[in-house]
>>> print(open('protein-v3.txt').read())   # compact mmCIF, C-alpha atoms
# COMPACT_ATOMS: atom_id res chain seq x y z
CA TYR A 1 154.87 129.56 66.58
CA ASP A 2 153.71 128.43 70.01
CA PHE A 3 154.91 131.31 72.17
CA SER A 4 155.60 130.10 75.68
CA SER A 5 156.69 133.32 77.34
CA LEU A 6 156.62 137.07 76.90
CA ILE A 7 160.42 137.12 76.59
CA PHE A 8 160.27 134.69 73.67
CA ILE A 9 157.58 136.81 71.98
CA VAL A 10 159.79 139.88 72.25
CA THR A 11 162.73 137.94 70.78
CA ILE A 12 160.64 136.83 67.79
CA ILE A 13 159.49 140.40 67.13
CA ILE A 14 163.02 141.76 67.34
CA TYR A 15 164.40 139.29 64.82
CA LEU A 16 161.48 139.23 62.42
CA GLY A 17 163.05 139.61 58.99
CA MET A 18 166.58 138.44 59.84
CA THR A 19 167.70 135.54 57.66
CA ILE A 20 170.65 133.16 58.01
CA SER A 21 172.00 130.79 55.34
CA ILE A 22 173.71 127.69 56.72
CA CYS A 23 176.86 126.56 54.91
CA GLY A 24 179.35 123.74 55.33
CA SER A 25 180.34 120.29 54.18
CA MET A 26 177.37 118.16 53.18
CA ARG A 27 178.74 115.48 55.46
CA PHE A 28 177.15 117.59 58.19
CA ALA A 29 173.62 117.42 56.72
CA ASN A 30 172.17 116.21 60.03
CA GLU A 31 173.91 119.01 61.91
CA MET A 32 172.57 121.52 59.37
CA GLU A 33 169.06 120.33 60.14
CA GLU A 34 169.73 120.70 63.89
CA TRP A 35 170.98 124.27 63.43
CA ARG A 36 168.07 125.12 61.16
CA LYS A 37 165.69 124.16 63.96
CA LYS A 38 167.78 125.96 66.58
CA LEU A 39 167.85 129.23 64.62
CA THR A 40 164.19 128.98 63.60
CA GLU A 41 163.22 128.62 67.26
CA LYS A 42 165.03 131.91 67.91
CA GLY A 43 162.95 133.69 65.27
CA PHE A 44 165.25 133.60 62.24
CA GLU A 45 164.31 132.60 58.73
CA VAL A 46 166.83 129.92 57.72
CA PHE A 47 168.08 128.62 54.39
CA VAL A 48 169.96 125.33 54.06
CA PRO A 49 171.73 123.84 51.02
CA GLY A 50 169.53 122.18 48.42
CA GLY A 51 169.19 118.43 48.64
CA ILE A 52 169.73 118.31 52.39
CA ASP A 53 166.82 115.93 52.91
CA ASP A 54 168.51 113.41 50.61
CA LEU A 55 171.78 113.60 52.49
CA LYS A 56 170.97 112.48 56.02
CA GLY A 57 173.80 110.15 56.89
CA TYR A 58 175.77 111.31 53.83
CA LYS A 59 179.34 109.96 53.93
CA GLU A 60 180.66 111.51 50.71
CA ALA A 61 180.97 108.10 49.14
CA GLY A 62 181.62 107.85 45.44
CA SER A 63 184.00 109.60 43.12
CA SER A 64 184.62 113.31 42.75
CA GLU A 65 183.08 112.96 39.28
CA GLU A 66 179.81 111.79 40.84
CA SER A 67 179.88 114.71 43.27
CA THR A 68 180.54 117.16 40.46
CA LYS A 69 177.72 115.74 38.36
CA ARG A 70 175.31 116.03 41.29
CA LYS A 71 176.22 119.69 41.82
CA ILE A 72 175.84 120.52 38.14
CA ASN A 73 172.57 118.66 37.63
CA ASN A 74 170.98 120.31 40.67
CA ASP A 75 172.68 123.71 40.22
CA PHE A 76 173.50 123.65 43.94
CA ILE A 77 176.25 126.31 43.84
CA ARG A 78 174.11 128.94 42.13
CA ALA A 79 171.07 128.02 44.24
CA HIS A 80 172.92 128.57 47.52
CA TYR A 81 174.41 131.82 46.21
CA LYS A 82 170.82 133.04 45.75
CA PHE A 83 170.05 132.05 49.35
CA ILE A 84 173.02 134.10 50.54
CA GLN A 85 171.76 137.07 48.52
CA GLN A 86 168.49 136.87 50.46
CA SER A 87 170.18 136.62 53.86
CA GLU A 88 171.69 139.05 56.33
CA GLY A 89 174.30 136.50 57.32
CA ILE A 90 175.71 133.01 56.88
CA LEU A 91 176.66 130.41 59.46
CA ILE A 92 179.54 128.09 58.54
CA LEU A 93 179.34 124.74 60.33
CA ASN A 94 183.08 124.08 60.53
CA TYR A 95 183.22 120.81 62.48
CA ASP A 96 186.29 118.57 62.46
CA LYS A 97 186.61 116.53 59.27
CA GLU A 98 189.18 114.07 57.92
CA GLY A 99 191.66 114.92 60.64
CA VAL A 100 191.35 118.69 60.09
CA LYS A 101 190.16 120.61 63.13
CA ASN A 102 187.36 123.10 62.39
CA TYR A 103 187.39 122.17 58.69
CA ILE A 104 186.48 124.77 56.07
CA GLY A 105 186.47 123.34 52.54
CA ALA A 106 186.45 124.92 49.11
CA ASN A 107 182.66 125.17 48.95
CA SER A 108 182.41 126.97 52.29
CA LEU A 109 185.31 129.25 51.44
CA MET A 110 183.59 130.19 48.19
CA GLU A 111 180.34 130.90 50.06
CA MET A 112 182.21 133.06 52.55
CA GLY A 113 183.54 135.02 49.59
CA PHE A 114 180.03 135.47 48.24
CA ALA A 115 178.85 136.73 51.63
CA PHE A 116 181.81 139.01 52.22
CA THR A 117 181.53 140.82 48.89
CA GLN A 118 177.81 141.41 49.50
CA ASN A 119 178.30 142.80 53.02
CA ARG A 120 176.65 139.82 54.70
CA ASP A 121 177.65 138.79 58.21
CA ILE A 122 179.85 135.70 58.46
CA PHE A 123 179.52 133.49 61.54
CA LEU A 124 181.78 130.51 62.22
CA LEU A 125 180.54 127.75 64.49
CA ASN A 126 184.10 127.03 65.69
CA PRO A 127 187.42 128.93 65.58
CA ILE A 128 189.29 129.58 62.34
CA PRO A 129 191.24 126.49 61.25
CA GLU A 130 194.94 126.41 60.44
CA ILE A 131 194.77 125.63 56.72
CA SER A 132 196.21 127.05 53.50
CA SER A 133 193.44 129.68 53.29
CA THR A 134 193.62 130.86 56.92
CA ALA A 135 194.83 134.34 55.93
CA GLU A 136 191.93 134.80 53.51
CA ILE A 137 189.43 133.62 56.13
CA LYS A 138 190.82 136.03 58.72
CA ALA A 139 190.68 138.89 56.20
CA MET A 140 186.92 138.38 55.92
CA GLN A 141 186.67 138.96 59.71
CA PRO A 142 184.21 136.21 60.60
CA ILE A 143 182.48 136.17 63.97
CA VAL A 144 183.28 132.98 65.90
CA ILE A 145 180.32 131.86 68.02
CA ASN A 146 181.93 128.75 69.60
CA GLY A 147 178.69 126.80 69.23
CA ASP A 148 176.58 129.42 71.05
CA VAL A 149 173.52 130.55 69.08
CA ASN A 150 173.01 133.41 71.53
CA LYS A 151 176.12 135.11 70.17
CA ILE A 152 174.32 135.55 66.84
CA ILE A 153 171.31 136.99 68.65
CA LYS A 154 173.47 139.38 70.67
CA TYR A 155 175.22 140.55 67.52
CA TYR A 156 171.95 141.50 65.81
CA ASN A 157 170.53 142.95 69.01
CA LYS A 158 173.41 145.43 69.16
CA LEU A 159 172.92 146.72 65.63
CA PRO A 160 171.57 150.28 65.31
CA GLN A 161 167.92 150.46 64.30
CA VAL A 162 165.99 151.57 61.24
CA PHE A 163 162.25 152.17 61.65
CA LEU A 164 160.05 151.28 58.67
CA SER A 165 156.49 152.46 58.05
CA SER A 166 155.21 148.95 57.27
CA GLU A 167 155.07 145.52 58.86
CA SER A 168 155.21 143.89 55.42
CA MET A 169 157.91 141.23 55.43
CA ILE A 170 158.64 142.04 51.78
CA LYS A 171 159.43 145.64 52.69
CA VAL A 172 161.31 144.78 55.90
CA LYS A 173 163.59 142.35 54.07
CA ALA A 174 164.11 144.60 51.05
CA THR A 175 165.00 147.55 53.28
CA SER A 176 167.45 145.53 55.36
CA LEU A 177 169.30 144.25 52.29
CA ALA A 178 169.20 147.64 50.54
CA PHE A 179 171.13 149.25 53.41
CA ARG A 180 173.75 146.51 53.06
CA GLU A 181 174.41 147.61 49.49
CA PHE A 182 176.29 150.50 51.15
CA ASP A 183 177.69 148.29 53.94
CA MET A 184 175.21 149.81 56.39
CA ARG A 185 174.18 147.09 58.83
CA TYR A 186 170.97 147.77 60.69
CA LYS A 187 168.14 145.99 62.39
CA VAL A 188 164.99 147.04 60.50
CA ILE A 189 161.83 147.17 62.60
CA GLY A 190 158.48 147.54 60.88
CA PHE A 191 155.52 149.43 62.36
CA LYS A 192 151.90 149.57 61.26
CA THR A 193 151.20 153.09 60.03
CA LYS A 194 148.33 155.03 58.46
CA SER A 195 148.59 156.27 54.89
CA GLY A 196 145.46 158.43 54.93
CA ILE A 197 144.73 157.43 51.32
CA ASN A 198 142.99 154.61 49.45
CA GLU A 199 144.31 151.10 49.94
CA GLN A 200 145.24 151.07 46.24
CA PRO A 201 146.48 154.53 45.21
CA TYR A 202 146.02 155.38 41.54
CA SER A 203 148.23 158.39 40.90
CA ILE A 204 151.72 159.65 41.64
CA GLU A 205 150.23 162.45 43.75
CA GLU A 206 148.16 160.09 45.90
CA THR A 207 151.03 157.63 46.32
CA HIS A 208 153.39 160.45 47.32
CA LEU A 209 150.85 161.69 49.88
CA GLY A 210 150.55 158.17 51.30
CA ALA A 211 154.33 157.90 51.74
CA MET A 212 154.45 161.33 53.40
CA ASN A 213 151.60 160.49 55.77
CA ARG A 214 153.18 157.16 56.72
CA LEU A 215 156.52 158.82 57.46
CA ASP A 216 154.86 161.41 59.68
CA ASN A 217 152.82 158.72 61.45
CA LEU A 218 155.94 156.54 61.89
CA LYS A 219 157.82 159.35 63.61
CA GLU A 220 154.79 160.07 65.78
CA ILE A 221 154.28 156.49 67.04
CA THR A 222 158.01 155.92 67.63
CA ASP A 223 158.58 159.21 69.41
CA GLY A 224 161.08 158.62 72.22
CA LYS A 225 162.56 155.54 70.55
CA LYS A 226 166.03 155.71 68.98
CA ALA A 227 166.54 155.09 65.26
CA GLU A 228 169.26 156.08 62.82
CA PHE A 229 166.84 156.27 59.88
CA TYR A 230 163.10 156.40 59.22
CA VAL A 231 161.92 154.77 56.00
CA SER A 232 158.52 155.10 54.32
CA ILE A 233 157.57 153.17 51.19
CA GLU A 234 154.23 153.53 49.43
CA SER A 235 153.33 151.43 46.38
CA GLY A 236 150.74 152.51 43.85
CA ASP A 237 149.75 152.53 40.18
CA ALA A 238 149.50 155.40 37.71
CA ILE A 239 148.70 156.14 34.09
CA ILE A 240 151.89 157.78 32.79
CA HIS A 241 151.16 157.52 29.06
CA PRO A 242 147.74 157.39 27.36
CA GLU A 243 148.67 154.45 25.14
CA TYR A 244 149.33 152.10 28.06
CA ASN A 245 147.57 150.69 31.10
CA TYR A 246 148.58 151.52 34.66
CA PHE A 247 152.24 151.19 35.59
CA GLY A 248 153.40 150.13 39.04
CA LEU A 249 155.17 152.84 40.98
CA SER A 250 156.74 153.42 44.36
CA VAL A 251 157.52 156.44 46.46
CA CYS A 252 160.31 156.01 48.99
CA MET A 253 161.18 158.57 51.67
CA ILE A 254 164.14 158.19 53.99
CA GLU A 255 164.93 160.59 56.80
CA ASP A 256 167.99 160.30 59.03
CA LYS A 257 168.06 161.04 62.75
CA ASN A 258 169.13 164.63 62.04
CA GLY A 259 166.14 165.35 59.81
CA LYS A 260 167.86 165.11 56.43
CA ARG A 261 165.42 163.64 53.93
CA ALA A 262 165.65 162.07 50.47
CA VAL A 263 162.74 161.10 48.21
CA THR A 264 162.56 159.01 45.05
CA ILE A 265 159.61 158.28 42.79
CA GLY A 266 159.98 155.32 40.47
CA THR A 267 157.81 153.53 37.93
CA ASP A 268 158.33 149.91 36.97
CA LEU A 269 156.14 147.53 34.92
CA GLU A 270 152.86 147.90 33.08
CA ILE A 271 150.15 146.07 35.05
CA PRO A 272 147.89 143.77 32.98
CA LYS A 273 144.47 145.32 32.44
CA GLU A 274 142.73 142.11 33.52
CA LEU A 275 144.15 142.74 36.99
CA THR A 276 143.53 146.48 37.33
CA ASP A 277 139.94 146.04 36.10
CA LEU A 278 139.22 144.04 39.27
CA VAL A 279 140.62 146.67 41.68
CA PRO A 280 138.87 148.09 43.61
CA SER A 281 135.61 146.76 42.11
CA LYS A 282 136.13 143.23 43.46
CA TYR A 283 139.41 143.39 45.41
CA PRO A 284 140.83 146.24 47.53
CA ASP A 285 144.32 145.98 46.03
CA LEU A 286 146.43 143.92 43.63
CA GLY A 287 148.09 141.93 46.41
CA ILE A 288 144.82 140.61 47.79
CA LEU A 289 143.59 139.98 44.24
CA VAL A 290 146.43 137.60 43.32
CA GLN A 291 146.32 136.00 46.75
CA ASP A 292 142.58 135.26 46.64
CA LYS A 293 142.10 134.63 42.92
CA TYR A 294 145.39 132.94 42.00
CA GLY A 295 146.72 131.61 45.30
CA ILE A 296 149.92 133.72 45.44
CA LYS A 297 150.83 133.30 49.12
CA ASN A 298 152.87 136.43 49.63
CA LYS A 299 150.44 138.70 47.77
CA ASP A 300 152.99 139.61 45.10
CA PRO A 301 151.28 140.52 41.79
CA TYR A 302 154.65 140.86 40.03
CA LEU A 303 155.50 137.21 40.63
CA TYR A 304 152.18 136.32 39.07
CA PHE A 305 152.26 138.32 35.85
CA THR A 306 156.02 137.99 35.21
CA HIS A 307 155.73 134.20 35.69
CA GLY A 308 158.20 134.24 38.58
CA LYS A 309 160.88 136.29 36.81
CA LEU A 310 160.57 139.42 38.98
CA SER A 311 159.30 139.94 42.50
CA ARG A 312 158.00 142.99 44.33
CA ASP A 313 160.78 142.72 46.93
CA ARG A 314 163.36 143.33 44.18
CA LEU A 315 161.52 146.47 43.08
CA VAL A 316 161.22 147.71 46.67
CA PHE A 317 164.92 146.94 47.18
CA ASN A 318 165.82 149.08 44.15
CA SER A 319 163.63 151.92 45.42
CA VAL A 320 165.34 151.98 48.83
CA VAL A 321 168.82 151.72 47.26
CA ASN A 322 168.08 154.68 44.98
CA THR A 323 166.84 156.76 47.89
CA LEU A 324 169.77 155.90 50.13
CA ALA A 325 172.15 157.03 47.40
CA CYS A 326 170.65 160.52 47.71
CA ILE A 327 170.87 160.96 51.47
>>> encode(input="protein-v3.txt", output="structure tokens")
Amino acid sequence: YDFSSLIFIVTIIIYLGMTISICGSMRFANEMEEWRKKLTEKGFEVFVPGGIDDLKGYKEAGSSEESTKRKINNDFIRAHYKFIQQSEGILILNYDKEGVKNYIGANSLMEMGFAFTQNRDIFLLNPIPEISSTAEIKAMQPIVINGDVNKIIKYYNKLPQVFLSSESMIKVKATSLAFREFDMRYKVIGFKTKSGINEQPYSIEETHLGAMNRLDNLKEITDGKKAEFYVSIESGDAIIHPEYNYFGLSVCMIEDKNGKRAVTIGTDLEIPKELTDLVPSKYPDLGILVQDKYGIKNKDPYLYFTHGKLSRDRLVFNSVVNTLACI
């Protein structure tokens, strides 16, 4: 980003990690692109429906059979559902269409249902329309922004805060979405903290110590700032059975504002020996290894050795969910 003012920098930092999925009729593909740019400029990560670049000037010509075939062949419904899963909220672009003011069609209604059941925020560009599903839309309690992007910003700015002992976007996002599993809506802010251990811990004891040190350091550097929860996550590897190589593990500590603390220690997948043999002899940790050697942009070794089937953010998400269930 080209930051033009201190105020804009602060805005970007505040909303780092917040994600919005744009929904609506594909007739509004151009408008979706406009809102993607508008939200991105405000510091949000933004998802738009698949195939949007092919639909500029889309007029919904052709039969319903052609439309159905296109959705099936491209798996658009399932793909956008996955976007919603990765988002804190959705924005429905309910412009006027075919004589219906503030139109919300079947696709958008379905996406609102996805979002509602997963405790995602639902924003409507324009007021709720008077249609057959008005009662259902009202029951999902959407937030009408009347075309004002700043209303989305104000909504997130008013959320209570969670402080996290890492600036990692993987951990910020996973923590934010984990809280929503229990319908707990927070703004997660990551801080750089010191673990006091090796960059790549190799035992449960060392990983636990790193999580403890980060939590203590987090509370120290945020002293005087208000948070509802403090979250510390430390990832490591450990030999847990002599017949196998190192397994990935995570230690998650969550402490509420009153000092109540919960801790979970979890192991996940066996790490291939060809990776662990290179750490720390050639690379300081597994993330840097797969980034430098294999070009994995987000430094996620799990994406590499599971061939894209499982990501580290999902494992971190599970760790935070398990810990929250105990507090």
>>> residues_around(input="protein-v3.txt", residues="stretch 157-173 of chain A", least_positions_apart="2", cutoff="6 Å", atoms="only C-alpha atoms", output="list in words")
Gly17, Lys154, Tyr155, Thr175, Ser176, Tyr186, Lys187, Val188, Ile189, Gly190, Phe191, Lys192, Thr193, Arg214, Leu218, Ala227, Glu228, Phe229, Tyr230, Val231, Ser232 and Asp313 of chain A
>>> write_last_selection(input="protein-v3.txt", atoms="C-alpha atoms", output="PDB file, keeping the file's coordinate frame")
ATOM      1  CA  GLY A  17     163.050 139.610  58.990  1.00  0.00           C
ATOM      2  CA  LYS A 154     173.470 139.380  70.670  1.00  0.00           C
ATOM      3  CA  TYR A 155     175.220 140.550  67.520  1.00  0.00           C
ATOM      4  CA  THR A 175     165.000 147.550  53.280  1.00  0.00           C
ATOM      5  CA  SER A 176     167.450 145.530  55.360  1.00  0.00           C
ATOM      6  CA  TYR A 186     170.970 147.770  60.690  1.00  0.00           C
ATOM      7  CA  LYS A 187     168.140 145.990  62.390  1.00  0.00           C
ATOM      8  CA  VAL A 188     164.990 147.040  60.500  1.00  0.00           C
ATOM      9  CA  ILE A 189     161.830 147.170  62.600  1.00  0.00           C
ATOM     10  CA  GLY A 190     158.480 147.540  60.880  1.00  0.00           C
ATOM     11  CA  PHE A 191     155.520 149.430  62.360  1.00  0.00           C
ATOM     12  CA  LYS A 192     151.900 149.570  61.260  1.00  0.00           C
ATOM     13  CA  THR A 193     151.200 153.090  60.030  1.00  0.00           C
ATOM     14  CA  ARG A 214     153.180 157.160  56.720  1.00  0.00           C
ATOM     15  CA  LEU A 218     155.940 156.540  61.890  1.00  0.00           C
ATOM     16  CA  ALA A 227     166.540 155.090  65.260  1.00  0.00           C
ATOM     17  CA  GLU A 228     169.260 156.080  62.820  1.00  0.00           C
ATOM     18  CA  PHE A 229     166.840 156.270  59.880  1.00  0.00           C
ATOM     19  CA  TYR A 230     163.100 156.400  59.220  1.00  0.00           C
ATOM     20  CA  VAL A 231     161.920 154.770  56.000  1.00  0.00           C
ATOM     21  CA  SER A 232     158.520 155.100  54.320  1.00  0.00           C
ATOM     22  CA  ASP A 313     160.780 142.720  46.930  1.00  0.00           C
TER      23      ASP A 313
END
>>> closest_residue(input="protein-v3.txt", among="A:Pro301, A:Gly266, A:Gly287, A:Gly259", to="A:Ile204", atoms="only C-alpha atoms")
A:Gly266
>>> closest_residue(input="protein-v3.txt", among="A:Glu45, A:Glu255, A:Asp148, A:Asp237", to="A:Asn126", atoms="all atoms listed in the file")
A:Asp148
>>> closest_residue(input="protein-v3.txt", among="A:Asn198, A:Ser108, A:Thr68, A:Gln291", to="A:Ile122", atoms="all atoms listed in the file")
A:Ser108
>>> atom_distance(input="protein-v3.txt", atom1="atom CA of A:Phe47", atom2="atom CA of A:Ser250")
29.1 Å
>>> atom_distance(input="protein-v3.txt", atom1="atom CA of A:Ser311", atom2="atom CA of A:Thr267")
14.4 Å
>>> closest_residue(input="protein-v3.txt", among="A:Glu206, A:Glu220, A:Asp277, A:Asp292", to="A:Val251", atoms="only C-alpha atoms")
A:Glu206
>>> closest_residue(input="protein-v3.txt", among="A:Met112, A:Lys38, A:Asp223, A:Asn150", to="A:Lys138", atoms="only C-alpha atoms")
A:Met112
>>> decode(input="protein-v3.txt", residues="stretch 154-165 of chain A", atoms="all heavy atoms", output="short mmCIF file (atom, residue, chain, number, x, y, z; two decimals), in the first residue's frame")
data_model
loop_
_atom_site.label_atom_id
_atom_site.label_comp_id
_atom_site.auth_asym_id
_atom_site.auth_seq_id
_atom_site.Cartn_x
_atom_site.Cartn_y
_atom_site.Cartn_z
N LYS A 154 -16.88 1.49 11.12
CA LYS A 154 -17.32 1.86 12.48
C LYS A 154 -17.79 0.64 13.25
O LYS A 154 -17.57 0.52 14.46
CB LYS A 154 -18.43 2.90 12.39
CG LYS A 154 -17.94 4.28 11.95
CD LYS A 154 -19.09 5.26 11.80
CE LYS A 154 -18.59 6.61 11.30
NZ LYS A 154 -19.72 7.57 11.08
N TYR A 155 -18.47 -0.27 12.56
CA TYR A 155 -18.94 -1.49 13.23
C TYR A 155 -17.75 -2.28 13.80
O TYR A 155 -17.76 -2.66 14.98
CB TYR A 155 -19.72 -2.37 12.24
CG TYR A 155 -20.02 -3.75 12.78
CD1 TYR A 155 -21.10 -3.96 13.62
CD2 TYR A 155 -19.20 -4.84 12.46
CE1 TYR A 155 -21.37 -5.23 14.14
CE2 TYR A 155 -19.45 -6.10 12.98
CZ TYR A 155 -20.54 -6.29 13.81
OH TYR A 155 -20.79 -7.53 14.33
N TYR A 156 -16.74 -2.50 12.98
CA TYR A 156 -15.60 -3.29 13.45
C TYR A 156 -14.77 -2.51 14.48
O TYR A 156 -14.16 -3.11 15.37
CB TYR A 156 -14.74 -3.75 12.27
CG TYR A 156 -15.38 -4.89 11.52
CD1 TYR A 156 -15.77 -4.76 10.19
CD2 TYR A 156 -15.62 -6.10 12.15
CE1 TYR A 156 -16.39 -5.80 9.53
CE2 TYR A 156 -16.24 -7.15 11.49
CZ TYR A 156 -16.62 -7.00 10.18
OH TYR A 156 -17.24 -8.04 9.53
N ASN A 157 -14.75 -1.20 14.36
CA ASN A 157 -14.00 -0.40 15.31
C ASN A 157 -14.61 -0.44 16.70
O ASN A 157 -13.91 -0.23 17.70
CB ASN A 157 -13.93 1.05 14.82
CG ASN A 157 -12.81 1.83 15.49
OD1 ASN A 157 -11.77 1.28 15.81
ND2 ASN A 157 -13.05 3.11 15.70
N LYS A 158 -15.89 -0.72 16.79
CA LYS A 158 -16.57 -0.77 18.09
C LYS A 158 -16.51 -2.14 18.75
O LYS A 158 -16.90 -2.28 19.92
CB LYS A 158 -18.04 -0.35 17.91
CG LYS A 158 -18.23 1.14 17.63
CD LYS A 158 -19.70 1.48 17.48
CE LYS A 158 -19.89 2.97 17.21
NZ LYS A 158 -21.33 3.31 17.03
N LEU A 159 -16.03 -3.14 18.03
CA LEU A 159 -15.96 -4.47 18.62
C LEU A 159 -14.95 -4.49 19.76
O LEU A 159 -13.90 -3.82 19.70
CB LEU A 159 -15.55 -5.51 17.57
CG LEU A 159 -16.55 -5.86 16.48
CD1 LEU A 159 -15.95 -6.91 15.55
CD2 LEU A 159 -17.86 -6.35 17.06
N PRO A 160 -15.22 -5.27 20.82
CA PRO A 160 -14.21 -5.43 21.88
C PRO A 160 -12.97 -6.11 21.31
O PRO A 160 -13.03 -6.78 20.27
CB PRO A 160 -14.91 -6.31 22.91
CG PRO A 160 -16.01 -6.99 22.16
CD PRO A 160 -16.43 -6.04 21.08
N GLN A 161 -11.85 -5.95 22.00
CA GLN A 161 -10.56 -6.39 21.45
C GLN A 161 -10.04 -7.66 22.09
O GLN A 161 -10.25 -7.92 23.28
CB GLN A 161 -9.52 -5.28 21.62
CG GLN A 161 -9.85 -4.01 20.86
CD GLN A 161 -8.79 -2.94 21.02
OE1 GLN A 161 -8.52 -2.18 20.09
NE2 GLN A 161 -8.21 -2.84 22.20
N VAL A 162 -9.33 -8.44 21.27
CA VAL A 162 -8.53 -9.57 21.73
C VAL A 162 -7.10 -9.28 21.33
O VAL A 162 -6.83 -8.92 20.19
CB VAL A 162 -9.00 -10.89 21.08
CG1 VAL A 162 -7.99 -12.00 21.34
CG2 VAL A 162 -10.36 -11.30 21.62
N PHE A 163 -6.17 -9.42 22.27
CA PHE A 163 -4.75 -9.22 21.97
C PHE A 163 -4.10 -10.59 21.76
O PHE A 163 -4.28 -11.52 22.55
CB PHE A 163 -4.04 -8.48 23.11
CG PHE A 163 -4.47 -7.05 23.26
CD1 PHE A 163 -4.18 -6.35 24.44
CD2 PHE A 163 -5.14 -6.38 22.24
CE1 PHE A 163 -4.56 -5.02 24.58
CE2 PHE A 163 -5.52 -5.06 22.38
CZ PHE A 163 -5.23 -4.37 23.56
N LEU A 164 -3.33 -10.69 20.68
CA LEU A 164 -2.68 -11.94 20.29
C LEU A 164 -1.17 -11.76 20.31
O LEU A 164 -0.66 -10.72 19.89
CB LEU A 164 -3.16 -12.34 18.89
CG LEU A 164 -2.51 -13.56 18.24
CD1 LEU A 164 -2.87 -14.84 18.98
CD2 LEU A 164 -2.91 -13.66 16.76
N SER A 165 -0.46 -12.81 20.75
CA SER A 165 0.99 -12.71 20.91
C SER A 165 1.76 -12.96 19.62
O SER A 165 2.88 -13.47 19.65
CB SER A 165 1.46 -13.72 21.97
OG SER A 165 1.26 -15.04 21.49
#
